[in-house]
Amino acid sequence: MTRSTHDVSPGDHVCAVPLSEEQLWEVSADFVADGLDRNEQVLYFDDGTAEGVLGRLADDHVAVEGPLGTGQLAIVPAETTRAIFHTPLPEAREMMLARIDESAAAGWAGFRMTGQMSYGVDRQWPTTFVEYDSGLDGLVRDRGITALCLYDRRRYSDEQIERMRDVHRKELSVPTAYDDGLLRVVRTGLTSARLAGEVDHSNRPAIARLLESTLDDALRSHSAPTEIELNLASLRFIDVASAVSLVHAAEGFPDTHRLVLTDVRPGVVRVLDRCGAPFAAQLTVREAPARSGVPGAIRPAGGRHRGGGTAGVDADETPPDETLPDETLPDETLPDDGPALREAR
């Protein structure tokens, strides 16, 4: 098993089986960002996931507008991605070889590719998924490129996933503290974690358990930081009751420790403020800087979530000033105004 995309090197053909969309975006964005850092050209095959990945890159403060402009990051449109499986394997191989040669001629330090290509997984194309991935494995070995293949559990059967795992030499397995498909929590240190997705009544107890166990770990360690940090850069929605719960949890901290919420989106900051965050002595809220470097307003598909009839606010939406924490916020539909994706040449 490989624990991080940073451990992936040229010549590696790696697979990952995400538990949720949040994990898919997380792993994909890490893989893309690592390639950009290495001055490699990155090819992303879109099958309806590119907008979510770009959103995660924005959360991670990875500027992609420049790489999209120079071609260092190229996104293959969904229709092209889906057409690949109509292409005979020898022809597809020649097309990919030409693309790799173009990348080398352009002076990039390497070439990597990834994408969630599950369209038509149950259909009978001229070549099966297993045959395509087996062919890709040979290409990765021969040309020293890097490939990450993602298999969504919602679209692949267990049998199909096991067959695909057999084709790959390594599997990326990122440690997960909690993932219910709506909220994903990853421990980033002894006293820190990152939350991605949406918090409502269904997963509120998981946050309470996380804070309780993390504080306990900190109190038992003489060398642990005194700040319990939750990174909320990718938290897009929180209901009022959950915001109140966070404030109350901080108020229960001993004087020696603090709960620190970092990279908090403006909408979440406003909910926390209205739930008493400014008056909680043991709570610090650090708002996220303005997101830049990504064309358009990136918002992962699916919009906001509302659960249990409890008021909340989307993390990037500005609620009316007169709205109180126990009132229901407006229910307008958010626009889908994602970026115009650059087509791969």
# chains A, B, ... in the order shown; residues from 1 in each chain; ligands from 1
>>> select_by_dssp(residues="segment 55-219 of chain A", states="helix (DSSP H, G or I)", output="NGL selection string")
:A and (55-59 or 65-70 or 78-86 or 89-105 or 129-143 or 158-167 or 204-219)
>>> write_last_selection(atoms="C-alpha atoms", output="mmCIF file, in the first residue's frame")
data_model
loop_
_atom_site.group_PDB
_atom_site.id
_atom_site.type_symbol
_atom_site.label_atom_id
_atom_site.label_comp_id
_atom_site.auth_asym_id
_atom_site.auth_seq_id
_atom_site.Cartn_x
_atom_site.Cartn_y
_atom_site.Cartn_z
ATOM 1 C CA GLY A 55 -12.464 23.112 -6.199
ATOM 2 C CA ARG A 56 -10.287 21.034 -3.894
ATOM 3 C CA LEU A 57 -7.150 22.530 -5.464
ATOM 4 C CA ALA A 58 -8.571 25.974 -4.707
ATOM 5 C CA ASP A 59 -9.204 24.906 -1.103
ATOM 6 C CA GLU A 65 -4.942 29.263 -13.750
ATOM 7 C CA GLY A 66 -1.319 29.554 -14.890
ATOM 8 C CA PRO A 67 -0.814 25.809 -15.467
ATOM 9 C CA LEU A 68 -4.106 25.629 -17.361
ATOM 10 C CA GLY A 69 -2.943 28.514 -19.532
ATOM 11 C CA THR A 70 0.472 27.053 -20.307
ATOM 12 C CA ALA A 78 -15.743 14.234 -20.631
ATOM 13 C CA GLU A 79 -16.909 13.475 -24.161
ATOM 14 C CA THR A 80 -13.315 12.800 -25.247
ATOM 15 C CA THR A 81 -12.650 10.693 -22.168
ATOM 16 C CA ARG A 82 -15.726 8.606 -22.885
ATOM 17 C CA ALA A 83 -14.777 8.199 -26.534
ATOM 18 C CA ILE A 84 -11.449 6.648 -25.599
ATOM 19 C CA PHE A 85 -13.091 3.296 -24.979
ATOM 20 C CA HIS A 86 -14.422 3.272 -28.531
ATOM 21 C CA LEU A 89 -6.117 -0.281 -27.966
ATOM 22 C CA PRO A 90 -3.207 -0.011 -30.484
ATOM 23 C CA GLU A 91 -4.588 3.302 -31.753
ATOM 24 C CA ALA A 92 -5.145 4.597 -28.215
ATOM 25 C CA ARG A 93 -1.570 3.619 -27.329
ATOM 26 C CA GLU A 94 -0.172 5.524 -30.310
ATOM 27 C CA MET A 95 -2.188 8.588 -29.364
ATOM 28 C CA MET A 96 -0.844 8.463 -25.819
ATOM 29 C CA LEU A 97 2.731 7.967 -27.004
ATOM 30 C CA ALA A 98 2.400 11.032 -29.201
ATOM 31 C CA ARG A 99 1.105 13.003 -26.238
ATOM 32 C CA ILE A 100 4.036 11.892 -24.058
ATOM 33 C CA ASP A 101 6.526 12.829 -26.795
ATOM 34 C CA GLU A 102 4.916 16.277 -27.114
ATOM 35 C CA SER A 103 5.244 16.761 -23.376
ATOM 36 C CA ALA A 104 8.940 15.876 -23.418
ATOM 37 C CA ALA A 105 9.554 18.156 -26.411
ATOM 38 C CA PHE A 129 -11.235 -1.846 -18.889
ATOM 39 C CA VAL A 130 -8.831 -4.548 -17.759
ATOM 40 C CA GLU A 131 -7.199 -4.695 -21.201
ATOM 41 C CA TYR A 132 -6.880 -0.914 -21.302
ATOM 42 C CA ASP A 133 -5.296 -0.770 -17.866
ATOM 43 C CA SER A 134 -2.960 -3.645 -18.712
ATOM 44 C CA GLY A 135 -1.882 -1.749 -21.817
ATOM 45 C CA LEU A 136 -1.425 1.405 -19.763
ATOM 46 C CA ASP A 137 0.764 -0.501 -17.312
ATOM 47 C CA GLY A 138 3.156 -1.408 -20.100
ATOM 48 C CA LEU A 139 3.220 2.189 -21.300
ATOM 49 C CA VAL A 140 3.977 3.450 -17.783
ATOM 50 C CA ARG A 141 6.893 1.034 -17.463
ATOM 51 C CA ASP A 142 8.307 1.699 -20.944
ATOM 52 C CA ARG A 143 8.140 5.499 -20.823
ATOM 53 C CA ASP A 158 -16.581 -5.509 -5.876
ATOM 54 C CA GLU A 159 -15.587 -8.079 -8.472
ATOM 55 C CA GLN A 160 -14.612 -5.389 -10.981
ATOM 56 C CA ILE A 161 -12.602 -3.511 -8.370
ATOM 57 C CA GLU A 162 -10.658 -6.628 -7.423
ATOM 58 C CA ARG A 163 -9.879 -7.303 -11.097
ATOM 59 C CA MET A 164 -8.610 -3.738 -11.513
ATOM 60 C CA ARG A 165 -6.516 -3.995 -8.354
ATOM 61 C CA ASP A 166 -4.775 -7.022 -9.831
ATOM 62 C CA VAL A 167 -3.648 -4.962 -12.821
ATOM 63 C CA ARG A 204 -22.471 15.926 14.330
ATOM 64 C CA PRO A 205 -21.675 13.197 16.918
ATOM 65 C CA ALA A 206 -18.585 12.208 14.921
ATOM 66 C CA ILE A 207 -17.194 15.735 15.305
ATOM 67 C CA ALA A 208 -17.890 15.651 19.036
ATOM 68 C CA ARG A 209 -16.027 12.327 19.345
ATOM 69 C CA LEU A 210 -13.133 13.679 17.286
ATOM 70 C CA LEU A 211 -12.729 16.719 19.537
ATOM 71 C CA GLU A 212 -13.032 14.657 22.699
ATOM 72 C CA SER A 213 -10.424 12.089 21.641
ATOM 73 C CA THR A 214 -8.038 14.718 20.222
ATOM 74 C CA LEU A 215 -8.194 16.828 23.366
ATOM 75 C CA ASP A 216 -7.602 13.693 25.440
ATOM 76 C CA ASP A 217 -4.526 12.856 23.338
ATOM 77 C CA ALA A 218 -3.210 16.388 23.806
ATOM 78 C CA LEU A 219 -3.727 16.345 27.566
#
>>> residues_around(residues="His168 of chain A", least_positions_apart="6", cutoff="8 Å", atoms="only C-alpha atoms", output="VMD selection string")
chain A and resid 13 to 15 137
>>> atom_distance(atom1="atom CA of Val260 of chain A", atom2="atom CA of Val186 of chain A")
16.1 Å
>>> closest_residue(among="A:Val174, A:Ala63, A:Val17, A:Ala281", to="Gln116 of chain A", atoms="only C-alpha atoms")
A:Val17
>>> residues_around(residues="segment 269-276 of chain A", least_positions_apart="3", cutoff="6 Å", atoms="only C-alpha atoms", output="ChimeraX atom specification")
/A:243-244,266,279,325
>>> atom_distance(atom1="atom CA of Arg265 of chain A", atom2="atom CA of Leu235 of chain A")
7.5 Å
>>> residues_around(residues="segment 4-8 of chain A", least_positions_apart="4", cutoff="8 Å", atoms="only C-alpha atoms", output="ChimeraX atom specification")
/A:12,14,27,30-31,34,146,172-174
>>> closest_residue(among="A:Ala33, A:Ala196, A:Leu19, A:Val247", to="Arg154 of chain A", atoms="only C-alpha atoms")
A:Leu19
>>> atom_distance(atom1="atom CA of Ala16 of chain A", atom2="atom CA of Gly71 of chain A")
25.5 Å
>>> residues_around(residues="Gly107 of chain A", least_positions_apart="6", cutoff="10 Å", atoms="only C-alpha atoms", output="PyMOL selection string")
chain A and resi 39-41
>>> closest_residue(among="A:Ser223, A:Ser242, A:Thr176, A:Thr49", to="Thr191 of chain A", atoms="only C-alpha atoms")
A:Ser223
>>> select_by_dssp(residues="segment 53-286 of chain A", states="strand (DSSP E or B)", output="number ranges by chain")
A: 73-76, 111-115, 146-150, 170-172, 178-179, 183-189, 192-199, 227-239, 258-264, 283-286
>>> residues_around(residues="Gln282 of chain A", least_positions_apart="4", cutoff="10 Å", atoms="only C-alpha atoms", output="PyMOL selection string")
chain A and resi 227+247-260+277-278
>>> closest_residue(among="A:Ile145, A:Leu195, A:Leu246, A:Val53", to="Ala233 of chain A", atoms="only C-alpha atoms")
A:Leu195
>>> closest_residue(among="A:Lys170, A:Val185, A:Tyr151, A:Arg291", to="Leu54 of chain A", atoms="only C-alpha atoms")
A:Arg291
>>> closest_residue(among="A:His201, A:Arg236, A:His222, A:Arg153", to="Pro18 of chain A", atoms="only C-alpha atoms")
A:Arg153
